[in-house]
Amino acid sequence: MRRARTGVDYKHTEAGGLTREELLKRAAVGGGAILVGGSLAGVARGATDALEATAPKRGGTFRIGVSGGSAKDFIDGQNIVTRPDQARIVTGWETLVVFDSQFKLKFDGLAEEIEANKKADVWTIRVHDGIEFHNGKTLGAADVRYSLQRLINKKLGLFGGAALQSVDPARIKKLDKRTVRCTLKQADGTILDALGQYIAGIVPVGYSPTAVGKAKPNIGTGPYKVQSFTPGQQSVHVRNPNYWRTGQPYFDKVVIIDFPDDTARVNALLGGQVDAITDVPPAQVAIVNGHSGTKVLESPSAAWTPICMRVDAPPFNDVRVRQAMRLIADRPQMVAQALSGHGHIGNDLYAPFDESYAKSLPQRHQDIEKAKSLLKAAGQSNLTVDLQSTNGALGMNEGAQVFAQQAKAAGVTVNVKILDSGAFYGDQYLKWSFSTDFWGSRNYLSQVAAGSVPTAPYNETHWPDSAHQKFLSLYNQARVTANRKKQAKILLDMQTMEYDAGGYIVWGFSTLLDGYATKVKGLKTGDKGVLPLNAFGHGYRTIWFG
Amino acid sequence: MSSGAAAVAGTFARLQPRGIPGFILRRIVLGIVTLFLVSIVVFAATQTLPGDTARAILGRTATPDSLAALRKQLNLDEPAVKQYTHWLGGFARGDFGHSRVGTNPPVTEVIGKRLENSAVLVLIAGLISTPLAIALGAVSARRRDGPFDHAASITMLTLAALPEFVLGIAFVVLLGTTVFTVLPAVSLIPPGDSPWSHPRELILPVLTLIVAVCPYTARIMRASMVEVLESDYVEMARLKGIREQRVVWRHAVPNAIAPTIQVTALNLAYLAGGIVVVEYVFGYAGIGSGLVDAVHNRDVPVVQALAMLIAAVYIVLNVIADVAAILVSPRLRTSLQ
């Protein structure tokens, strides 16, 4: 029996690294499609040809088995904790702007227009006319204001709020029926990215579905309405007949079923009791592909499961020890064994989808002799360390174990301690000197803000160490540098510092593996994976039964 | 001994009822004491689970804000002793408290449906496996060292050596997914539905449970039958010219069944707590998977209620087995008089 991997990284739709210049240009475009991030780097770009070219058909009940899930599941248009929560939020809730399947931001959501002033500290948001909530109420400015205020309400602790800290809840003004103006606490160029996160859904005034004793109808503007929900088991969602995108969605019903056990989930797909599943274990990919009527959908992602070394605690406060550990890693072997080959090797750098990803830095390879001499110079030959890990996401425990094997060659004894997630993420989390962790797809500056500066909520490595405080001034500079070329230069300097002396061993990026019955049409191969199964069939509205 | 003490002892002896009703009463009182001791162990164990509830619920996505909000909502700051007495008091009144996760539903609501689902599984598995095992054991003993006995022995030993999840997966591969797709590979009972209305979904988990528990009972039955069949009274019955069929089923089986009752009770009790693996393999929403989930979430009230429930099932089944064993064996029955 194996508990499913429920690694959920709620901020993975962020695409930071925008310059103010670009933003203003983009804001002026108005309703048109906008580009963020640019081309990808590092990770192979998959073919994006459609799997089939049939016309969509109406009807049927789509059943999906989702990994993880437990009694703590909830449905909230602005919050998620478990994988099934992700699967459910996209049925009924939509954002103002959206990220497309190539990790680019588009005006394809509820907003007709979002404009910023020159300084990017006043933002005007106007929603489309005539969009209705599930109860028939028309979406308006008051709902947008309430949604933003709810997102950043600290008492609720919603994850989507973290990226919207510059929004001042007291200064969101309703201009007319469909328009609000937000005056920010300070200029912020990442507002659109934060609004595009799937957890920044727009909810009606007064929305509080999980408030104990005063729950309101759990409604949004999305393609399906919640019909029934049993946490830890299943939910049923029925087609919203008044959905604003003509013709969509195609299914009459969507049933989302929790499957904490990997084997049961795969068996349900093979036995035809569900039409799709998330997170096929790598070892079972061949089984699903070999079974008639089922297939695995592979989506390259920038999700990573690093081994983290604390740069301010022995033995890793000596940069030579960190460098030695990075040279011990045989990355192709780690990807081959820990991810069963379903991934790409890493180069101790994150954010490979970012256009500023430092491709120019040479790929690091295993070099046991050099690692040994570095350890000797540091006085750490025959080093013994405990490596803390937990079953948080595929690759954490597996990567730790493969690494421990490889370390033997350099005379290093790595004792892998696999902890219960409650213990791992307990009081010691972010204090372990040597541990694993997981991260979703993010652009470089967003990732730095989330994990590599002292103000970051999850800085496992305590980077930067005292010798690299310059990293912080570079970071602050990068955030306000409008010139794209200049900014790229700064980002390269930052990445070079991390490449030379950082605390992460970034050995690989995993590929999202989801299973589906071949009668399900509309899924695309090669889409950039942020949410599983092409973002759950884009909220179960761009897929259908053929 | 002083006369006072003698008087007290006498009173006590008078108050202590004799015979079978007295035996049953004593076993029930002992059972309640055991349950009370179990409650202390269960409570202490739940207190020592590493990591706190708020962390367990939010996991990696915890932020200081959300942690603080959740801790406050769950009243996690009360002292342990106060929490224990509060819980025990509620437990005695039949109030199991409220779950700590989600919208804090009452524990009875969380486990009620699961309890029904698991009870149905255990009941069907018990009703089929017990007579089956007794028959298998009796027939094996009757044909001792014959081809049937050898075949049955080897099969039983092999099956007993396989963990349930291997059996479960083997059945799924055979009947659910790969070889024949005649039965549902997972047993999804939609919330709100009775398991009785999904008989097809029950077949594979029940089959797995039967195969998992049958060998133990059958082997005990066989051993005790072998012994009985060699006894003097069976020899006597045969010499009197009674038909072998009648000798076996009327004279031997009733005497061989006492140890089997104990094993059956243990098996049923095991089923109550041990179906977790089977429930997991089949995605079946029962108390086993509920318990795993509750431990994972540090949902202490649910863990406590389920642990107490499983302990109570053990105790009740053991009392029933003891009483049944006495009722079916004349020697034990008379010794109580």
# chains A, B, ... in the order shown; residues from 1 in each chain; ligands from 1
$ interface_residues --of "chain A" --to "chain B" --cutoff "9 Å" --atoms "only C-alpha atoms" --output "PyMOL selection string"
chain A and resi 1+7-10+69-74+81-82+154-159+210-213+229-234+257-265+267-273+291+392+420-427+438+457
$ write_last_selection --atoms "C-alpha atoms" --output "PDB file, in the first residue's frame"
ATOM      1  CA  MET A   1       0.000   0.000   0.000  1.00  0.00           C
ATOM      2  CA  GLY A   7       2.278  17.335  -3.907  1.00  0.00           C
ATOM      3  CA  VAL A   8       0.384  20.467  -4.552  1.00  0.00           C
ATOM      4  CA  ASP A   9       2.186  23.683  -5.146  1.00  0.00           C
ATOM      5  CA  TYR A  10      -0.479  26.279  -5.312  1.00  0.00           C
ATOM      6  CA  GLY A  69      -7.568  13.651  -1.061  1.00  0.00           C
ATOM      7  CA  SER A  70      -8.899  13.125   2.409  1.00  0.00           C
ATOM      8  CA  ALA A  71     -11.499  14.327   4.855  1.00  0.00           C
ATOM      9  CA  LYS A  72      -9.750  17.691   4.750  1.00  0.00           C
ATOM     10  CA  ASP A  73     -10.845  18.315   1.132  1.00  0.00           C
ATOM     11  CA  PHE A  74     -12.941  21.413   0.557  1.00  0.00           C
ATOM     12  CA  VAL A  81      -4.896  22.262  -0.211  1.00  0.00           C
ATOM     13  CA  THR A  82      -5.180  18.821  -1.816  1.00  0.00           C
ATOM     14  CA  LYS A 154      -5.214  37.593   6.441  1.00  0.00           C
ATOM     15  CA  LYS A 155      -7.695  35.998   8.810  1.00  0.00           C
ATOM     16  CA  LEU A 156      -8.745  33.547   6.117  1.00  0.00           C
ATOM     17  CA  GLY A 157      -5.153  32.638   5.234  1.00  0.00           C
ATOM     18  CA  LEU A 158      -5.970  32.013   1.553  1.00  0.00           C
ATOM     19  CA  PHE A 159      -2.938  31.112  -0.547  1.00  0.00           C
ATOM     20  CA  THR A 210     -16.398  26.875   4.381  1.00  0.00           C
ATOM     21  CA  ALA A 211     -17.375  29.220   7.190  1.00  0.00           C
ATOM     22  CA  VAL A 212     -18.649  26.893   9.901  1.00  0.00           C
ATOM     23  CA  GLY A 213     -22.347  27.311  10.555  1.00  0.00           C
ATOM     24  CA  PHE A 229     -19.721  16.843  -2.214  1.00  0.00           C
ATOM     25  CA  THR A 230     -18.399  14.350   0.334  1.00  0.00           C
ATOM     26  CA  PRO A 231     -14.862  15.306   1.442  1.00  0.00           C
ATOM     27  CA  GLY A 232     -12.394  12.471   0.987  1.00  0.00           C
ATOM     28  CA  GLN A 233     -14.720  10.587  -1.343  1.00  0.00           C
ATOM     29  CA  GLN A 234     -16.353  12.293  -4.276  1.00  0.00           C
ATOM     30  CA  ILE A 257     -13.433  10.836  -7.089  1.00  0.00           C
ATOM     31  CA  ASP A 258     -10.617  10.767  -4.507  1.00  0.00           C
ATOM     32  CA  PHE A 259      -8.125   7.920  -4.859  1.00  0.00           C
ATOM     33  CA  PRO A 260      -5.398   8.096  -2.228  1.00  0.00           C
ATOM     34  CA  ASP A 261      -4.058   4.730  -3.368  1.00  0.00           C
ATOM     35  CA  ASP A 262      -2.064   4.675  -6.608  1.00  0.00           C
ATOM     36  CA  THR A 263      -2.943   1.090  -7.457  1.00  0.00           C
ATOM     37  CA  ALA A 264      -6.679   1.562  -6.962  1.00  0.00           C
ATOM     38  CA  ARG A 265      -6.610   4.685  -9.121  1.00  0.00           C
ATOM     39  CA  ASN A 267      -7.113  -0.080 -11.664  1.00  0.00           C
ATOM     40  CA  ALA A 268     -10.187   2.134 -11.830  1.00  0.00           C
ATOM     41  CA  LEU A 269      -8.980   3.521 -15.175  1.00  0.00           C
ATOM     42  CA  LEU A 270      -8.041   0.100 -16.555  1.00  0.00           C
ATOM     43  CA  GLY A 271     -11.345  -1.363 -15.382  1.00  0.00           C
ATOM     44  CA  GLY A 272     -13.281   1.465 -17.032  1.00  0.00           C
ATOM     45  CA  GLN A 273     -14.801   2.815 -13.826  1.00  0.00           C
ATOM     46  CA  HIS A 291      -3.974  -1.606 -22.080  1.00  0.00           C
ATOM     47  CA  GLY A 392       5.273  14.902  -0.478  1.00  0.00           C
ATOM     48  CA  ASP A 420       5.499  11.099   8.074  1.00  0.00           C
ATOM     49  CA  SER A 421       4.420  14.345   6.411  1.00  0.00           C
ATOM     50  CA  GLY A 422       3.056  15.653   9.710  1.00  0.00           C
ATOM     51  CA  ALA A 423       6.499  15.256  11.239  1.00  0.00           C
ATOM     52  CA  PHE A 424       8.397  16.500   8.197  1.00  0.00           C
ATOM     53  CA  TYR A 425       6.353  19.682   7.810  1.00  0.00           C
ATOM     54  CA  GLY A 426       6.217  20.180  11.572  1.00  0.00           C
ATOM     55  CA  ASP A 427       8.290  22.533  13.639  1.00  0.00           C
ATOM     56  CA  PHE A 438       9.077  19.995  -3.882  1.00  0.00           C
ATOM     57  CA  PRO A 457       8.047  31.838   2.976  1.00  0.00           C
TER      58      PRO A 457
END
$ residues_around --residues "Ala258 in chain B" --least-positions-apart "2" --cutoff "8 Å" --atoms "only C-alpha atoms" --output "PyMOL selection string"
chain B and resi 254-256+260-262+324-326+328-329
$ atom_distance --atom1 "CA of Glu116 in chain B" --atom2 "CA of Asp76 in chain A"
29.4 Å
$ select_by_dssp --residues "range 73-313 of chain B" --states "alpha helix (DSSP H)" --output "number ranges by chain"
B: 73-74, 80-92, 107-142, 147-161, 164-171, 199-229, 232-239, 244-246, 253-274, 276-281, 287-297, 300-313
$ residues_around --residues "Arg142 in chain B" --least-positions-apart "2" --cutoff "10 Å" --atoms "only C-alpha atoms" --output "VMD selection string"
chain B and resid 136 to 140 144 to 146 148 to 149 222 225 to 226 229 244 to 245 248
$ write_last_selection --atoms "all heavy atoms" --output "short mmCIF file (atom, residue, chain, number, x, y, z; two decimals), in the first residue's frame"
data_model
loop_
_atom_site.label_atom_id
_atom_site.label_comp_id
_atom_site.auth_asym_id
_atom_site.auth_seq_id
_atom_site.Cartn_x
_atom_site.Cartn_y
_atom_site.Cartn_z
N LEU B 136 -14.37 -27.04 5.21
CA LEU B 136 -13.07 -27.41 4.62
C LEU B 136 -12.20 -28.16 5.62
O LEU B 136 -11.60 -29.19 5.29
CB LEU B 136 -12.33 -26.15 4.17
CG LEU B 136 -12.55 -25.68 2.74
CD1 LEU B 136 -11.84 -24.35 2.53
CD2 LEU B 136 -12.03 -26.72 1.76
N GLY B 137 -12.17 -27.64 6.86
CA GLY B 137 -11.35 -28.26 7.89
C GLY B 137 -11.85 -29.65 8.22
O GLY B 137 -11.06 -30.60 8.34
N ALA B 138 -13.17 -29.78 8.32
CA ALA B 138 -13.75 -31.07 8.69
C ALA B 138 -13.50 -32.10 7.60
O ALA B 138 -13.08 -33.23 7.87
CB ALA B 138 -15.25 -30.91 8.93
N VAL B 139 -13.71 -31.68 6.35
CA VAL B 139 -13.52 -32.62 5.24
C VAL B 139 -12.05 -33.02 5.14
O VAL B 139 -11.71 -34.19 4.93
CB VAL B 139 -14.05 -32.00 3.93
CG1 VAL B 139 -13.71 -32.90 2.75
CG2 VAL B 139 -15.55 -31.79 4.02
N SER B 140 -11.15 -32.04 5.33
CA SER B 140 -9.72 -32.34 5.26
C SER B 140 -9.34 -33.36 6.32
O SER B 140 -8.58 -34.29 6.07
CB SER B 140 -8.89 -31.08 5.47
OG SER B 140 -9.01 -30.21 4.40
N ARG B 144 -7.94 -37.24 5.85
CA ARG B 144 -6.58 -36.95 6.26
C ARG B 144 -5.58 -37.72 5.42
O ARG B 144 -5.75 -38.91 5.17
CB ARG B 144 -6.45 -37.37 7.72
CG ARG B 144 -5.22 -36.88 8.37
CD ARG B 144 -5.29 -37.29 9.82
NE ARG B 144 -3.99 -37.29 10.41
CZ ARG B 144 -3.70 -37.91 11.51
NH1 ARG B 144 -4.63 -38.59 12.14
NH2 ARG B 144 -2.50 -37.84 12.00
N ASP B 145 -4.54 -36.99 4.97
CA ASP B 145 -3.46 -37.55 4.16
C ASP B 145 -3.90 -38.03 2.78
O ASP B 145 -3.10 -38.60 2.05
CB ASP B 145 -2.74 -38.69 4.90
CG ASP B 145 -2.04 -38.17 6.15
OD1 ASP B 145 -1.65 -36.97 6.12
OD2 ASP B 145 -1.91 -38.92 7.12
N GLY B 146 -5.12 -37.76 2.43
CA GLY B 146 -5.58 -38.08 1.08
C GLY B 146 -5.22 -36.94 0.14
O GLY B 146 -4.71 -35.90 0.58
N PHE B 148 -7.14 -34.84 -1.38
CA PHE B 148 -7.88 -33.59 -1.08
C PHE B 148 -7.21 -32.84 0.06
O PHE B 148 -6.99 -31.63 -0.01
CB PHE B 148 -9.34 -33.92 -0.70
CG PHE B 148 -10.13 -32.70 -0.31
CD1 PHE B 148 -10.75 -31.93 -1.30
CD2 PHE B 148 -10.23 -32.31 1.02
CE1 PHE B 148 -11.46 -30.79 -0.95
CE2 PHE B 148 -10.94 -31.16 1.36
CZ PHE B 148 -11.56 -30.41 0.38
N ASP B 149 -6.86 -33.59 1.13
CA ASP B 149 -6.23 -32.97 2.29
C ASP B 149 -4.91 -32.30 1.89
O ASP B 149 -4.64 -31.16 2.26
CB ASP B 149 -6.00 -34.05 3.35
CG ASP B 149 -5.40 -33.46 4.62
OD1 ASP B 149 -5.72 -32.29 4.91
OD2 ASP B 149 -4.62 -34.15 5.29
N ARG B 222 -9.28 -28.32 11.19
CA ARG B 222 -8.73 -29.60 10.76
C ARG B 222 -7.97 -30.25 11.92
O ARG B 222 -8.19 -31.43 12.25
CB ARG B 222 -7.79 -29.40 9.57
CG ARG B 222 -7.16 -30.70 9.10
CD ARG B 222 -6.11 -30.44 8.01
NE ARG B 222 -5.43 -31.68 7.64
CZ ARG B 222 -4.43 -32.21 8.34
NH1 ARG B 222 -3.99 -31.61 9.44
NH2 ARG B 222 -3.87 -33.34 7.94
N MET B 225 -10.32 -31.45 14.57
CA MET B 225 -11.11 -32.59 14.07
C MET B 225 -10.28 -33.86 14.08
O MET B 225 -10.76 -34.95 14.43
CB MET B 225 -11.56 -32.32 12.62
CG MET B 225 -12.98 -31.88 12.42
SD MET B 225 -14.22 -32.84 13.21
CE MET B 225 -14.77 -33.85 11.86
N VAL B 226 -9.02 -33.74 13.67
CA VAL B 226 -8.13 -34.91 13.64
C VAL B 226 -8.06 -35.52 15.03
O VAL B 226 -8.18 -36.74 15.21
CB VAL B 226 -6.73 -34.49 13.15
CG1 VAL B 226 -5.70 -35.55 13.47
CG2 VAL B 226 -6.77 -34.22 11.64
N LEU B 229 -11.47 -37.12 15.95
CA LEU B 229 -11.77 -38.34 15.20
C LEU B 229 -11.01 -39.54 15.74
O LEU B 229 -11.37 -40.68 15.51
CB LEU B 229 -11.46 -38.14 13.71
CG LEU B 229 -12.48 -37.31 12.93
CD1 LEU B 229 -12.00 -37.07 11.50
CD2 LEU B 229 -13.84 -37.99 12.92
N GLU B 244 -20.94 -43.20 9.03
CA GLU B 244 -19.78 -42.31 9.16
C GLU B 244 -20.19 -40.83 9.04
O GLU B 244 -19.74 -39.98 9.78
CB GLU B 244 -18.75 -42.66 8.08
CG GLU B 244 -17.44 -41.91 8.19
CD GLU B 244 -16.68 -42.21 9.48
OE1 GLU B 244 -16.95 -43.25 10.12
OE2 GLU B 244 -15.84 -41.40 9.87
N GLN B 245 -21.08 -40.55 8.09
CA GLN B 245 -21.58 -39.19 7.88
C GLN B 245 -22.11 -38.61 9.20
O GLN B 245 -21.81 -37.50 9.60
CB GLN B 245 -22.72 -39.25 6.84
CG GLN B 245 -23.06 -37.94 6.18
CD GLN B 245 -21.99 -37.57 5.15
OE1 GLN B 245 -20.99 -38.27 5.00
NE2 GLN B 245 -22.19 -36.46 4.48
N VAL B 248 -19.37 -38.07 11.90
CA VAL B 248 -18.60 -36.84 11.69
C VAL B 248 -19.42 -35.62 12.10
O VAL B 248 -18.99 -34.80 12.91
CB VAL B 248 -18.15 -36.73 10.22
CG1 VAL B 248 -17.57 -35.35 9.94
CG2 VAL B 248 -17.12 -37.81 9.92
#
$ residues_around --residues "range 246-254 of chain A" --least-positions-apart "2" --cutoff "8 Å" --atoms "only C-alpha atoms" --output "NGL selection string"
:A and (56-64 or 223-224 or 236-240 or 243-244 or 256 or 540-544)
$ write_last_selection --atoms "C-alpha atoms" --output "PDB file, in the first residue's frame"
ATOM      1  CA  PRO A  56     -16.966  18.355 -29.941  1.00  0.00           C
ATOM      2  CA  LYS A  57     -20.072  16.432 -28.900  1.00  0.00           C
ATOM      3  CA  ARG A  58     -22.454  17.159 -26.053  1.00  0.00           C
ATOM      4  CA  GLY A  59     -23.424  14.736 -23.325  1.00  0.00           C
ATOM      5  CA  GLY A  60     -22.178  12.103 -20.911  1.00  0.00           C
ATOM      6  CA  THR A  61     -20.848  11.909 -17.384  1.00  0.00           C
ATOM      7  CA  PHE A  62     -17.112  12.426 -17.079  1.00  0.00           C
ATOM      8  CA  ARG A  63     -15.576  10.594 -14.117  1.00  0.00           C
ATOM      9  CA  ILE A  64     -12.066  11.447 -13.014  1.00  0.00           C
ATOM     10  CA  PRO A 223     -18.982  25.704 -16.432  1.00  0.00           C
ATOM     11  CA  TYR A 224     -20.313  23.367 -13.709  1.00  0.00           C
ATOM     12  CA  VAL A 236     -20.691  15.636  -8.451  1.00  0.00           C
ATOM     13  CA  HIS A 237     -20.875  18.730 -10.665  1.00  0.00           C
ATOM     14  CA  VAL A 238     -23.681  19.424 -13.140  1.00  0.00           C
ATOM     15  CA  ARG A 239     -23.519  21.441 -16.346  1.00  0.00           C
ATOM     16  CA  ASN A 240     -24.191  25.156 -15.970  1.00  0.00           C
ATOM     17  CA  TYR A 243     -22.471  29.337 -19.041  1.00  0.00           C
ATOM     18  CA  TRP A 244     -21.159  32.394 -20.855  1.00  0.00           C
ATOM     19  CA  ILE A 256     -14.519  13.814  -9.186  1.00  0.00           C
ATOM     20  CA  TYR A 540     -13.735  20.171 -18.080  1.00  0.00           C
ATOM     21  CA  ARG A 541     -15.019  22.442 -20.832  1.00  0.00           C
ATOM     22  CA  THR A 542     -12.601  21.784 -23.716  1.00  0.00           C
ATOM     23  CA  ILE A 543     -12.828  18.002 -23.578  1.00  0.00           C
ATOM     24  CA  TRP A 544     -15.655  15.696 -24.621  1.00  0.00           C
TER      25      TRP A 544
END
$ atom_distance --atom1 "CA of Thr48 in chain B" --atom2 "CA of Ile310 in chain B"
20.0 Å
$ residues_around --residues "Leu491 in chain A" --least-positions-apart "2" --cutoff "12 Å" --atoms "only C-alpha atoms" --output "MDAnalysis selection string"
chainID A and resid 17 349 351 354:359 443:445 448 471:479 481 484:489 493:499
$ write_last_selection --atoms "C-alpha atoms" --output "mmCIF file, in the first residue's frame"
data_model
loop_
_atom_site.group_PDB
_atom_site.id
_atom_site.type_symbol
_atom_site.label_atom_id
_atom_site.label_comp_id
_atom_site.auth_asym_id
_atom_site.auth_seq_id
_atom_site.Cartn_x
_atom_site.Cartn_y
_atom_site.Cartn_z
ATOM 1 C CA GLY A 17 9.940 38.437 -14.226
ATOM 2 C CA LEU A 349 19.064 25.947 -11.314
ATOM 3 C CA ALA A 351 12.738 27.988 -13.506
ATOM 4 C CA ASP A 354 11.748 31.353 -17.817
ATOM 5 C CA GLU A 355 13.193 33.063 -20.865
ATOM 6 C CA SER A 356 16.081 34.247 -18.686
ATOM 7 C CA TYR A 357 17.002 30.704 -17.652
ATOM 8 C CA ALA A 358 20.829 30.517 -17.671
ATOM 9 C CA LYS A 359 21.326 28.119 -20.568
ATOM 10 C CA ASN A 443 9.401 31.826 -13.377
ATOM 11 C CA TYR A 444 12.728 32.883 -11.904
ATOM 12 C CA LEU A 445 11.947 36.023 -9.909
ATOM 13 C CA VAL A 448 13.382 33.619 -5.753
ATOM 14 C CA PHE A 471 22.415 38.330 -4.305
ATOM 15 C CA LEU A 472 19.863 40.395 -2.388
ATOM 16 C CA SER A 473 20.849 43.713 -3.892
ATOM 17 C CA LEU A 474 20.807 42.117 -7.348
ATOM 18 C CA TYR A 475 17.330 40.775 -6.636
ATOM 19 C CA ASN A 476 16.008 44.175 -5.580
ATOM 20 C CA GLN A 477 17.613 45.736 -8.610
ATOM 21 C CA ALA A 478 16.122 43.155 -10.969
ATOM 22 C CA ARG A 479 12.624 43.841 -9.704
ATOM 23 C CA THR A 481 14.842 47.205 -13.834
ATOM 24 C CA ARG A 484 14.789 43.657 -20.533
ATOM 25 C CA LYS A 485 18.434 43.231 -21.533
ATOM 26 C CA LYS A 486 19.750 44.808 -18.362
ATOM 27 C CA GLN A 487 17.417 42.681 -16.305
ATOM 28 C CA ALA A 488 18.516 39.518 -18.096
ATOM 29 C CA LYS A 489 22.104 40.360 -17.248
ATOM 30 C CA ASP A 493 24.514 37.046 -12.348
ATOM 31 C CA MET A 494 22.048 35.808 -9.737
ATOM 32 C CA GLN A 495 21.794 32.373 -11.326
ATOM 33 C CA THR A 496 25.589 32.140 -11.631
ATOM 34 C CA MET A 497 25.882 32.756 -7.888
ATOM 35 C CA GLU A 498 23.394 30.008 -7.158
ATOM 36 C CA TYR A 499 25.040 27.713 -9.698
#
$ atom_distance --atom1 "CA of Leu387 in chain A" --atom2 "CA of Arg322 in chain A"
13.8 Å
$ residues_around --residues "Val321 in chain A" --least-positions-apart "6" --cutoff "9 Å" --atoms "only C-alpha atoms" --output "list of chain:residue names"
A:Pro315, A:Ala371, A:Leu374, A:Leu375, A:Ala378, A:Gln380
$ write_last_selection --atoms "C-alpha atoms" --output "PDB file, in the first residue's frame"
ATOM      1  CA  PRO A 315      28.575  20.788   7.392  1.00  0.00           C
ATOM      2  CA  ALA A 371      34.011  15.770  -4.940  1.00  0.00           C
ATOM      3  CA  LEU A 374      36.725  19.144  -2.169  1.00  0.00           C
ATOM      4  CA  LEU A 375      35.561  17.186   0.868  1.00  0.00           C
ATOM      5  CA  ALA A 378      37.028  20.972   3.782  1.00  0.00           C
ATOM      6  CA  GLN A 380      34.959  16.346   5.685  1.00  0.00           C
TER       7      GLN A 380
END
$ closest_residue --among "A:Arg171, A:Arg442, A:Arg320, A:His342" --to "Phe103 in chain A" --atoms "only C-alpha atoms"
A:Arg442
$ residues_around --residues "Val416 in chain A" --least-positions-apart "5" --cutoff "9 Å" --atoms "only C-alpha atoms" --output "PyMOL selection string"
chain A and resi 385-389+397+400-401+404
$ closest_residue --among "B:Val319, B:Ile242, B:Ile220, B:Leu30" --to "Ser153 in chain B" --atoms "only C-alpha atoms"
B:Ile220
